[in-house]
$ cat start_36.txt   # compact mmCIF, C-alpha atoms and all ligand atoms
# COMPACT_ATOMS: atom_id res chain seq x y z
CA MET X 1 0.00 0.00 0.00
CA ILE X 2 1.37 3.45 -0.88
CA PRO X 3 1.61 5.61 2.26
CA SER X 4 0.39 9.16 2.59
CA ALA X 5 2.89 11.90 3.36
CA TYR X 6 0.50 12.86 6.18
CA ASP X 7 1.11 9.49 7.84
CA LEU X 8 4.51 10.78 8.96
CA ALA X 9 4.96 13.01 12.00
CA PRO X 10 6.03 16.51 10.90
CA ASP X 11 9.25 16.14 12.91
CA SER X 12 10.21 12.86 11.27
CA TRP X 13 10.86 14.40 7.85
CA ALA X 14 14.31 15.63 8.90
CA GLU X 15 15.51 12.06 9.33
CA ARG X 16 13.77 10.79 6.17
CA LEU X 17 15.23 13.54 3.98
CA ALA X 18 18.68 13.07 5.53
CA GLU X 19 18.48 9.39 4.50
CA TRP X 20 17.71 10.60 0.99
CA GLY X 21 20.80 12.83 1.05
CA GLU X 22 18.85 16.10 1.11
CA LYS X 23 20.11 19.25 2.84
CA PRO X 24 18.79 19.70 6.42
CA PHE X 25 16.70 22.83 5.66
CA ARG X 26 14.62 20.95 3.05
CA ALA X 27 12.58 19.20 5.78
CA ALA X 28 11.23 22.47 7.16
CA GLN X 29 10.40 23.65 3.64
CA LEU X 30 8.55 20.45 2.84
CA VAL X 31 6.61 20.42 6.11
CA GLN X 32 5.57 24.02 5.55
CA TRP X 33 4.12 23.06 2.16
CA LEU X 34 2.42 19.95 3.47
CA TYR X 35 0.36 21.73 6.08
CA ALA X 36 -0.12 24.98 4.13
CA PRO X 37 -2.03 22.96 2.82
CA THR X 38 -0.83 22.29 -0.72
CA ALA X 39 -2.59 20.23 -3.36
CA SER X 40 0.42 18.50 -4.91
CA PHE X 41 4.16 17.86 -4.59
CA ALA X 42 4.57 19.53 -7.99
CA ALA X 43 3.41 22.84 -6.49
CA MET X 44 6.27 22.89 -3.94
CA SER X 45 8.22 25.39 -5.97
CA ASN X 46 11.24 25.88 -3.71
CA LEU X 47 12.04 22.15 -3.57
CA PRO X 48 14.35 20.67 -6.21
CA ALA X 49 12.58 18.74 -8.97
CA SER X 50 14.45 15.56 -7.98
CA LEU X 51 13.02 15.73 -4.47
CA ARG X 52 9.50 16.43 -5.75
CA ASP X 53 9.82 13.43 -8.08
CA ARG X 54 10.95 11.19 -5.25
CA LEU X 55 8.09 12.33 -3.02
CA SER X 56 5.62 11.63 -5.85
CA ALA X 57 7.12 8.18 -6.38
CA GLU X 58 7.07 7.16 -2.71
CA PHE X 59 3.84 8.75 -1.47
CA LEU X 60 0.26 9.16 -2.59
CA ASP X 61 -0.65 12.38 -4.38
CA LEU X 62 -1.45 14.88 -1.66
CA ASP X 63 -5.10 15.13 -2.61
CA GLY X 64 -5.16 11.36 -3.15
CA THR X 65 -5.12 10.70 0.60
CA ALA X 66 -8.70 11.96 0.81
CA LYS X 67 -10.41 13.38 -2.29
CA VAL X 68 -13.67 15.31 -2.08
CA GLU X 69 -16.27 13.13 -3.79
CA ASP X 70 -19.47 14.84 -2.72
CA GLU X 71 -20.55 17.80 -0.65
CA GLY X 72 -23.80 18.18 1.24
CA MET X 73 -25.37 21.01 3.19
CA ALA X 74 -27.66 20.77 6.21
CA ASP X 75 -30.20 23.50 6.96
CA VAL X 76 -28.06 25.49 9.38
CA GLY X 77 -24.99 25.77 7.14
CA THR X 78 -23.34 22.58 8.32
CA ARG X 79 -21.17 21.31 5.48
CA LYS X 80 -20.57 17.64 4.96
CA LEU X 81 -17.73 16.37 2.81
CA LEU X 82 -17.75 12.84 1.51
CA LEU X 83 -14.10 11.93 0.97
CA ARG X 84 -12.84 9.10 -1.21
CA LEU X 85 -9.75 7.33 0.13
CA HIS X 86 -7.00 5.76 -1.99
CA ASP X 87 -8.57 2.29 -1.78
CA GLY X 88 -12.00 3.51 -2.85
CA GLN X 89 -13.48 3.60 0.67
CA CYS X 90 -15.33 6.73 1.77
CA VAL X 91 -15.41 8.73 4.97
CA GLU X 92 -17.45 11.68 6.04
CA THR X 93 -16.12 14.93 7.46
CA VAL X 94 -18.45 17.62 8.74
CA VAL X 95 -17.77 21.34 9.18
CA ILE X 96 -19.92 22.95 11.85
CA PRO X 97 -19.91 26.74 11.91
CA SER X 98 -20.70 28.83 14.94
CA ARG X 99 -20.56 32.60 15.30
CA GLU X 100 -16.78 32.78 15.65
CA ARG X 101 -15.46 29.27 15.14
CA ARG X 102 -15.24 26.56 12.55
CA THR X 103 -15.37 23.10 14.06
CA VAL X 104 -14.42 20.12 11.95
CA CYS X 105 -15.83 16.75 12.89
CA VAL X 106 -13.54 13.97 11.65
CA SER X 107 -14.04 10.23 11.26
CA SER X 108 -11.58 7.77 12.74
CA GLN X 109 -12.68 4.55 11.00
CA VAL X 110 -14.50 3.41 7.87
CA GLY X 111 -17.69 2.16 9.48
CA CYS X 112 -17.89 1.18 13.12
CA ALA X 113 -18.20 -2.07 15.04
CA PHE X 114 -19.99 -0.68 18.11
CA HIS X 115 -23.61 -0.73 16.89
CA CYS X 116 -25.10 2.06 18.97
CA ALA X 117 -28.83 1.89 18.38
CA PHE X 118 -29.26 5.50 17.27
CA CYS X 119 -26.34 5.60 14.83
CA ALA X 120 -26.38 5.03 11.09
CA SER X 121 -22.64 4.27 11.08
CA GLY X 122 -23.12 1.40 13.49
CA ALA X 123 -25.70 -0.07 11.13
CA MET X 124 -23.12 -0.11 8.30
CA GLY X 125 -20.65 -2.31 10.14
CA PHE X 126 -16.88 -1.93 10.37
CA THR X 127 -14.57 -1.91 7.34
CA ARG X 128 -11.17 -0.62 8.45
CA ASN X 129 -9.24 1.84 10.56
CA LEU X 130 -8.08 5.16 9.16
CA SER X 131 -4.41 6.04 9.23
CA ARG X 132 -2.99 9.11 10.92
CA GLY X 133 -2.66 10.70 7.47
CA GLU X 134 -6.25 9.96 6.50
CA ILE X 135 -7.48 11.62 9.69
CA VAL X 136 -5.23 14.66 9.28
CA ALA X 137 -6.18 14.94 5.59
CA GLN X 138 -9.84 15.34 6.61
CA ALA X 139 -9.00 18.51 8.53
CA LEU X 140 -6.91 19.76 5.59
CA ARG X 141 -9.72 19.04 3.07
CA ALA X 142 -12.11 20.91 5.35
CA GLU X 143 -9.67 23.82 5.50
CA ILE X 144 -9.57 24.03 1.72
CA ALA X 145 -13.38 23.77 1.51
CA ILE X 146 -14.04 26.59 3.99
CA GLY X 147 -11.03 28.71 3.09
CA ARG X 148 -9.58 28.89 6.59
CA ARG X 149 -7.91 26.74 9.20
CA PRO X 150 -10.39 24.96 11.47
CA ASP X 151 -10.47 26.33 15.01
CA ASN X 152 -11.60 23.07 16.61
CA VAL X 153 -11.39 19.42 15.65
CA VAL X 154 -13.74 16.88 17.21
CA PHE X 155 -13.48 13.11 16.76
CA MET X 156 -17.23 12.63 16.57
CA GLY X 157 -17.58 11.38 13.01
CA ILE X 158 -17.78 7.77 11.94
CA GLY X 159 -15.94 5.22 14.08
CA GLU X 160 -14.84 4.78 17.67
CA PRO X 161 -11.54 6.68 18.14
CA PHE X 162 -10.25 4.37 20.88
CA ALA X 163 -10.76 1.33 18.67
CA ASN X 164 -8.08 2.97 16.48
CA TYR X 165 -6.10 4.38 19.39
CA ASP X 166 -2.56 4.68 17.98
CA GLU X 167 -3.53 6.37 14.72
CA VAL X 168 -5.97 8.73 16.45
CA VAL X 169 -3.43 9.86 19.04
CA ALA X 170 -0.79 10.24 16.31
CA ALA X 171 -3.25 12.36 14.29
CA VAL X 172 -3.95 14.51 17.36
CA ARG X 173 -0.21 15.12 17.65
CA THR X 174 0.00 16.29 14.01
CA LEU X 175 -3.12 18.46 14.38
CA ASN X 176 -1.58 20.02 17.47
CA ALA X 177 2.07 20.32 16.36
CA PRO X 178 3.21 23.91 15.71
CA ASN X 179 4.73 22.70 12.42
CA GLY X 180 1.62 20.60 11.70
CA LEU X 181 -1.78 22.29 11.80
CA GLY X 182 -1.03 24.14 15.04
CA ILE X 183 -4.51 23.63 16.50
CA GLY X 184 -4.44 24.00 20.30
CA ALA X 185 -4.79 20.66 22.11
CA ARG X 186 -7.68 22.05 24.14
CA ARG X 187 -9.46 22.66 20.87
CA ILE X 188 -9.24 18.99 19.94
CA THR X 189 -11.86 16.66 21.42
CA ILE X 190 -11.72 12.89 21.40
CA SER X 191 -15.17 11.41 21.82
CA THR X 192 -15.64 7.81 22.92
CA CYS X 193 -18.68 5.61 23.37
CA GLY X 194 -17.06 4.37 26.59
CA VAL X 195 -14.02 2.26 25.70
CA VAL X 196 -12.46 2.08 29.16
CA PRO X 197 -8.92 0.97 28.15
CA GLY X 198 -8.73 3.94 25.74
CA ILE X 199 -9.60 6.40 28.51
CA GLN X 200 -6.98 4.79 30.74
CA ARG X 201 -4.29 5.06 28.06
CA LEU X 202 -5.20 8.63 27.18
CA ALA X 203 -4.75 9.64 30.83
CA GLY X 204 -1.05 8.75 30.51
CA GLU X 205 -0.37 10.48 27.15
CA GLY X 206 0.34 13.93 28.53
CA LEU X 207 -1.97 15.42 25.87
CA GLN X 208 -4.11 18.41 26.73
CA ALA X 209 -6.91 17.26 24.39
CA GLU X 210 -10.50 17.21 25.63
CA LEU X 211 -12.23 13.93 26.42
CA SER X 212 -15.91 13.47 25.71
CA VAL X 213 -17.85 10.34 26.67
CA SER X 214 -21.20 9.40 25.14
CA LEU X 215 -23.29 8.49 28.17
CA HIS X 216 -26.89 8.79 26.94
CA ALA X 217 -28.46 6.93 29.87
CA PRO X 218 -28.16 6.91 33.68
CA THR X 219 -28.59 3.16 34.33
CA ASP X 220 -26.98 0.01 32.90
CA ALA X 221 -30.33 -1.36 31.74
CA GLN X 222 -31.12 1.75 29.69
CA ARG X 223 -27.58 2.26 28.44
CA SER X 224 -27.09 -1.33 27.33
CA GLU X 225 -30.28 -1.04 25.30
CA LEU X 226 -28.83 1.91 23.40
CA MET X 227 -25.14 1.03 23.44
CA PRO X 228 -23.91 -2.55 23.44
CA VAL X 229 -20.49 -1.29 24.60
CA ASN X 230 -22.09 -0.91 28.03
CA ARG X 231 -22.22 -4.68 28.45
CA ARG X 232 -18.44 -4.81 28.07
CA TRP X 233 -17.70 -1.78 30.25
CA PRO X 234 -20.72 -1.01 32.43
CA LEU X 235 -21.39 2.33 34.07
CA GLU X 236 -19.67 1.67 37.38
CA GLN X 237 -16.41 0.83 35.61
CA LEU X 238 -16.80 3.67 33.11
CA ILE X 239 -17.47 6.33 35.72
CA ALA X 240 -14.66 5.06 37.99
CA THR X 241 -12.28 5.26 35.01
CA CYS X 242 -13.42 8.79 34.23
CA ALA X 243 -12.86 9.76 37.86
CA GLU X 244 -9.33 8.34 37.69
CA TYR X 245 -8.77 10.19 34.39
CA THR X 246 -9.74 13.52 35.98
CA ARG X 247 -7.47 12.76 38.94
CA GLN X 248 -4.45 11.91 36.78
CA THR X 249 -4.86 14.70 34.23
CA ASP X 250 -6.55 17.38 36.33
CA ARG X 251 -8.95 17.80 33.40
CA ILE X 252 -12.71 17.48 33.31
CA VAL X 253 -14.70 14.96 31.27
CA THR X 254 -17.63 16.02 29.11
CA PHE X 255 -20.57 13.61 29.02
CA GLU X 256 -22.88 13.65 26.02
CA TYR X 257 -26.45 12.77 26.94
CA THR X 258 -28.97 12.54 24.12
CA LEU X 259 -32.47 13.05 25.46
CA VAL X 260 -35.01 10.62 24.01
CA ARG X 261 -38.67 11.16 24.75
CA ASP X 262 -40.08 8.76 27.38
CA PHE X 263 -36.83 6.81 27.43
CA ASN X 264 -34.24 8.76 29.43
CA ASP X 265 -35.85 12.18 29.94
CA SER X 266 -37.90 11.73 33.15
CA PRO X 267 -37.28 13.39 36.54
CA ALA X 268 -36.23 9.92 37.81
CA ASP X 269 -33.63 9.75 35.00
CA ALA X 270 -32.34 13.20 35.94
CA ARG X 271 -32.08 12.09 39.59
CA ALA X 272 -30.22 8.90 38.60
CA LEU X 273 -27.84 10.92 36.43
CA VAL X 274 -27.04 13.30 39.27
CA ARG X 275 -26.37 10.33 41.56
CA LEU X 276 -24.11 8.71 38.96
CA LEU X 277 -21.99 11.81 38.43
CA ARG X 278 -21.83 12.96 42.04
CA GLY X 279 -18.35 14.22 42.95
CA LEU X 280 -16.97 13.89 39.40
CA LYS X 281 -15.26 16.85 37.69
CA CYS X 282 -17.44 16.93 34.60
CA ARG X 283 -19.80 18.78 32.32
CA VAL X 284 -22.96 17.35 30.74
CA ASN X 285 -24.02 18.27 27.21
CA LEU X 286 -27.71 17.57 26.77
CA ILE X 287 -28.63 16.93 23.15
CA PRO X 288 -32.24 16.64 22.02
CA LEU X 289 -32.52 13.53 19.84
CA ASN X 290 -32.26 14.20 16.13
CA PRO X 291 -34.74 11.62 14.80
CA THR X 292 -33.53 9.38 11.99
CA GLU X 293 -34.97 6.47 10.09
CA HIS X 294 -32.56 4.18 11.96
CA PHE X 295 -33.96 4.86 15.41
CA PRO X 296 -37.61 5.08 16.41
CA GLY X 297 -37.10 7.55 19.33
CA GLN X 298 -38.69 10.99 19.46
CA THR X 299 -37.38 14.40 20.54
CA PRO X 300 -38.72 15.40 23.99
CA PRO X 301 -40.79 18.60 24.20
CA LEU X 302 -38.86 21.78 25.00
CA SER X 303 -40.40 21.98 28.49
CA THR X 304 -39.01 18.50 29.30
CA LEU X 305 -35.58 19.46 27.99
CA ARG X 306 -35.53 22.65 30.06
CA GLY X 307 -36.80 20.81 33.15
CA PHE X 308 -34.11 18.13 32.83
CA GLN X 309 -31.42 20.77 32.47
CA ALA X 310 -32.74 22.76 35.43
CA PHE X 311 -32.71 19.66 37.65
CA LEU X 312 -29.05 18.99 36.86
CA GLN X 313 -28.08 22.62 37.32
CA ASP X 314 -29.90 22.79 40.66
CA ALA X 315 -27.82 19.78 41.71
CA HIS X 316 -24.67 21.74 40.69
CA VAL X 317 -23.93 19.60 37.64
CA ASN X 318 -22.46 21.89 34.98
CA THR X 319 -24.92 21.38 32.10
CA THR X 320 -25.50 22.80 28.63
CA LEU X 321 -28.41 22.13 26.33
CA ARG X 322 -26.93 21.85 22.85
CA VAL X 323 -28.81 23.30 19.94
CA SER X 324 -28.90 20.75 17.13
CA ARG X 325 -26.69 21.65 14.20
CA GLY X 326 -27.34 18.89 11.80
CA GLY X 327 -31.08 18.83 11.73
CA GLY X 328 -31.43 18.88 7.96
CA MET X 329 -31.44 16.20 5.34
CA ASP X 330 -28.44 13.84 5.39
CA ALA X 331 -27.52 15.22 8.77
CA ALA X 332 -27.31 12.17 10.99
CA CYS X 333 -23.99 10.47 11.46
CA GLY X 334 -23.07 8.43 8.43
CA GLN X 335 -26.09 9.26 6.30
CA LEU X 336 -24.21 10.95 3.49
CA ARG X 337 -22.07 7.85 3.08
CA LEU X 338 -25.09 5.59 3.30
CA ARG X 339 -26.84 7.48 0.54
CA ARG X 340 -23.77 7.16 -1.68
CA LEU X 341 -23.45 3.46 -1.01
CA HIS X 342 -27.08 2.79 -1.68
CA GLY X 343 -27.87 5.43 -4.25
S1 LIG C 1 -22.18 6.41 17.80
FE1 LIG C 1 -19.98 6.25 17.42
S2 LIG C 1 -19.35 4.37 18.50
FE2 LIG C 1 -21.59 4.28 18.31
S3 LIG C 1 -21.95 3.11 16.42
FE3 LIG C 1 -21.94 5.29 15.88
S4 LIG C 1 -19.86 5.73 15.23
FE4 LIG C 1 -19.82 3.79 16.39
$ encode --input "start_36.txt" --output "structure tokens" --more "lines below"
Ligand code: SF4
Amino acid sequence: MIPSAYDLAPDSWAERLAEWGEKPFRAAQLVQWLYAPTASFAAMSNLPASLRDRLSAEFLDLDGTAKVEDEGMADVGTRKLLLRLHDGQCVETVVIPSRERRTVCVSSQVGCAFHCAFCASGAMGFTRNLSRGEIVAQALRAEIAIGRRPDNVVFMGIGEPFANYDEVVAAVRTLNAPNGLGIGARRITISTCGVVPGIQRLAGEGLQAELSVSLHAPTDAQRSELMPVNRRWPLEQLIATCAEYTRQTDRIVTFEYTLVRDFNDSPADARALVRLLRGLKCRVNLIPLNPTEHFPGQTPPLSTLRGFQAFLQDAHVNTTLRVSRGGGMDAACGQLRLRRLHG
């Protein structure tokens, strides 16, 4: 398989080019071009032709790592890029605008093996992991599409990041490196469905990235119904691991909690959630369910959403109610890819 130039750490080019007999300053020039970003090796005008030829021979074309195949738009300006990888597989990258920031939501795998009930990607099954370069290339494609460097990167696209731990953490390092994309670590969020060993490993990485955990239910019975991962790592173990993570890193954990009408939105659910999170340094993002054809649940009424939030806040749980930014057609996780596969 031909590697992508983005699979290498920015700092490793010095050694590679030295092995090729290039002058030491060429590595910095090349790295500057790579993350400018630049569409091709041929465009790297201050590099000698022989070096450009060698790069072209040994690595994929720069836009060949992830080529824009299709672009969709949701009703609030959310842009979705369907990217074709070198082996013909596709991944989805989403750009979410807010007033001041551009957040890019990247995928970490082609498909996903975790089968969360509400997720279209889970329904597609798992195909393969993405490489560091394929993850980084998503942020670069998004940058070209929106005409500016993303401010935030969230690993909330297709796939479970901790099921592809090494490549995801390597990609975070490139996204964060001053000679990579230079995106602040605190502006990079890794989101997991609750893979306990991944949380434990991340605690020891010395990264300042944010950790987000999809919780979605306050009891094992409810959570296992939505997320089979809960049978492997039930709530007690998950929450204890998060507590240890906050202790080791001195960082908080964000819990995502999708509110589903008459499923996990009652006052008893709010009480159970408060009990579960008692004493933990955390924040809860409440997300009204975005109904899809893959999941029969309904969005709770606004009064229920507000009541749930108020209960948590009264119990001193830091809570936000997230306005949906993907409510339009093709908006749910994985749907753009599904349409392409089926259409
Ligand atoms: S929500 Fe995430 S972990 Fe769950 S099936 Fe979808 S992509 Fe996989």
$ residues_near_ligand --input "start_36.txt" --ligand "ligand LIG 1 (chain C)" --cutoff "9 Å" --atoms "all atoms listed in the file" --output "number ranges by chain"
X: 107-109, 111-126, 156-161, 191-194, 214, 227-229, 333-334
$ atom_distance --input "start_36.txt" --atom1 "atom CA of X:Leu202" --atom2 "atom CA of X:Arg128"
21.7 Å
$ closest_residue --input "start_36.txt" --among "X:Arg26, X:Ala9, X:Ala145, X:Ala49" --to "X:Lys67" --atoms "all atoms listed in the file"
X:Ala145
$ atom_distance --input "start_36.txt" --atom1 "atom CA of X:Gly21" --atom2 "atom CA of X:Arg132"
26.0 Å
$ closest_residue --input "start_36.txt" --among "X:Val153, X:Ala137, X:Leu305, X:Ile239" --to "X:Ser266" --atoms "all atoms listed in the file"
X:Leu305
$ decode --input "start_36.txt" --residues "stretch 4-108 of chain X" --atoms "C-alpha atoms" --output "mmCIF file, in the first residue's frame"
data_model
loop_
_atom_site.group_PDB
_atom_site.id
_atom_site.type_symbol
_atom_site.label_atom_id
_atom_site.label_comp_id
_atom_site.auth_asym_id
_atom_site.auth_seq_id
_atom_site.Cartn_x
_atom_site.Cartn_y
_atom_site.Cartn_z
ATOM 1 C CA SER X 4 0.389 9.157 2.590
ATOM 2 C CA ALA X 5 2.891 11.904 3.362
ATOM 3 C CA TYR X 6 0.496 12.856 6.177
ATOM 4 C CA ASP X 7 1.113 9.494 7.844
ATOM 5 C CA LEU X 8 4.513 10.779 8.963
ATOM 6 C CA ALA X 9 4.958 13.015 12.000
ATOM 7 C CA PRO X 10 6.029 16.510 10.898
ATOM 8 C CA ASP X 11 9.254 16.143 12.906
ATOM 9 C CA SER X 12 10.211 12.860 11.269
ATOM 10 C CA TRP X 13 10.860 14.399 7.847
ATOM 11 C CA ALA X 14 14.308 15.629 8.896
ATOM 12 C CA GLU X 15 15.507 12.058 9.328
ATOM 13 C CA ARG X 16 13.774 10.787 6.175
ATOM 14 C CA LEU X 17 15.231 13.539 3.975
ATOM 15 C CA ALA X 18 18.678 13.074 5.533
ATOM 16 C CA GLU X 19 18.478 9.390 4.504
ATOM 17 C CA TRP X 20 17.705 10.598 0.990
ATOM 18 C CA GLY X 21 20.801 12.830 1.046
ATOM 19 C CA GLU X 22 18.852 16.103 1.108
ATOM 20 C CA LYS X 23 20.111 19.249 2.838
ATOM 21 C CA PRO X 24 18.792 19.700 6.416
ATOM 22 C CA PHE X 25 16.703 22.831 5.656
ATOM 23 C CA ARG X 26 14.616 20.953 3.052
ATOM 24 C CA ALA X 27 12.582 19.199 5.777
ATOM 25 C CA ALA X 28 11.230 22.473 7.162
ATOM 26 C CA GLN X 29 10.395 23.655 3.637
ATOM 27 C CA LEU X 30 8.547 20.446 2.840
ATOM 28 C CA VAL X 31 6.609 20.422 6.113
ATOM 29 C CA GLN X 32 5.565 24.017 5.554
ATOM 30 C CA TRP X 33 4.115 23.061 2.160
ATOM 31 C CA LEU X 34 2.418 19.946 3.474
ATOM 32 C CA TYR X 35 0.357 21.730 6.081
ATOM 33 C CA ALA X 36 -0.120 24.980 4.132
ATOM 34 C CA PRO X 37 -2.030 22.961 2.819
ATOM 35 C CA THR X 38 -0.833 22.294 -0.723
ATOM 36 C CA ALA X 39 -2.589 20.234 -3.356
ATOM 37 C CA SER X 40 0.415 18.496 -4.908
ATOM 38 C CA PHE X 41 4.157 17.858 -4.591
ATOM 39 C CA ALA X 42 4.573 19.532 -7.988
ATOM 40 C CA ALA X 43 3.410 22.842 -6.485
ATOM 41 C CA MET X 44 6.274 22.891 -3.942
ATOM 42 C CA SER X 45 8.224 25.386 -5.972
ATOM 43 C CA ASN X 46 11.239 25.878 -3.709
ATOM 44 C CA LEU X 47 12.039 22.150 -3.569
ATOM 45 C CA PRO X 48 14.352 20.670 -6.210
ATOM 46 C CA ALA X 49 12.585 18.735 -8.972
ATOM 47 C CA SER X 50 14.452 15.563 -7.984
ATOM 48 C CA LEU X 51 13.016 15.727 -4.471
ATOM 49 C CA ARG X 52 9.503 16.425 -5.750
ATOM 50 C CA ASP X 53 9.822 13.430 -8.079
ATOM 51 C CA ARG X 54 10.953 11.188 -5.253
ATOM 52 C CA LEU X 55 8.094 12.328 -3.024
ATOM 53 C CA SER X 56 5.620 11.629 -5.850
ATOM 54 C CA ALA X 57 7.123 8.184 -6.375
ATOM 55 C CA GLU X 58 7.072 7.164 -2.714
ATOM 56 C CA PHE X 59 3.837 8.747 -1.471
ATOM 57 C CA LEU X 60 0.261 9.162 -2.589
ATOM 58 C CA ASP X 61 -0.645 12.383 -4.379
ATOM 59 C CA LEU X 62 -1.449 14.879 -1.663
ATOM 60 C CA ASP X 63 -5.101 15.135 -2.609
ATOM 61 C CA GLY X 64 -5.163 11.360 -3.153
ATOM 62 C CA THR X 65 -5.120 10.702 0.602
ATOM 63 C CA ALA X 66 -8.695 11.958 0.810
ATOM 64 C CA LYS X 67 -10.410 13.383 -2.295
ATOM 65 C CA VAL X 68 -13.673 15.314 -2.078
ATOM 66 C CA GLU X 69 -16.266 13.132 -3.786
ATOM 67 C CA ASP X 70 -19.469 14.836 -2.721
ATOM 68 C CA GLU X 71 -20.554 17.796 -0.651
ATOM 69 C CA GLY X 72 -23.803 18.177 1.243
ATOM 70 C CA MET X 73 -25.372 21.008 3.186
ATOM 71 C CA ALA X 74 -27.657 20.775 6.213
ATOM 72 C CA ASP X 75 -30.196 23.498 6.964
ATOM 73 C CA VAL X 76 -28.064 25.490 9.379
ATOM 74 C CA GLY X 77 -24.995 25.773 7.138
ATOM 75 C CA THR X 78 -23.336 22.576 8.319
ATOM 76 C CA ARG X 79 -21.174 21.313 5.478
ATOM 77 C CA LYS X 80 -20.569 17.642 4.958
ATOM 78 C CA LEU X 81 -17.735 16.365 2.813
ATOM 79 C CA LEU X 82 -17.747 12.837 1.510
ATOM 80 C CA LEU X 83 -14.096 11.926 0.974
ATOM 81 C CA ARG X 84 -12.843 9.105 -1.210
ATOM 82 C CA LEU X 85 -9.748 7.330 0.130
ATOM 83 C CA HIS X 86 -6.995 5.765 -1.990
ATOM 84 C CA ASP X 87 -8.568 2.290 -1.784
ATOM 85 C CA GLY X 88 -12.003 3.506 -2.847
ATOM 86 C CA GLN X 89 -13.476 3.601 0.670
ATOM 87 C CA CYS X 90 -15.332 6.732 1.766
ATOM 88 C CA VAL X 91 -15.412 8.726 4.973
ATOM 89 C CA GLU X 92 -17.455 11.680 6.045
ATOM 90 C CA THR X 93 -16.121 14.931 7.462
ATOM 91 C CA VAL X 94 -18.454 17.617 8.737
ATOM 92 C CA VAL X 95 -17.772 21.336 9.185
ATOM 93 C CA ILE X 96 -19.922 22.955 11.850
ATOM 94 C CA PRO X 97 -19.907 26.742 11.909
ATOM 95 C CA SER X 98 -20.695 28.832 14.937
ATOM 96 C CA ARG X 99 -20.557 32.597 15.299
ATOM 97 C CA GLU X 100 -16.785 32.781 15.648
ATOM 98 C CA ARG X 101 -15.462 29.273 15.141
ATOM 99 C CA ARG X 102 -15.241 26.555 12.547
ATOM 100 C CA THR X 103 -15.374 23.099 14.058
ATOM 101 C CA VAL X 104 -14.419 20.119 11.946
ATOM 102 C CA CYS X 105 -15.830 16.747 12.889
ATOM 103 C CA VAL X 106 -13.539 13.971 11.646
ATOM 104 C CA SER X 107 -14.043 10.234 11.260
ATOM 105 C CA SER X 108 -11.579 7.765 12.744
#
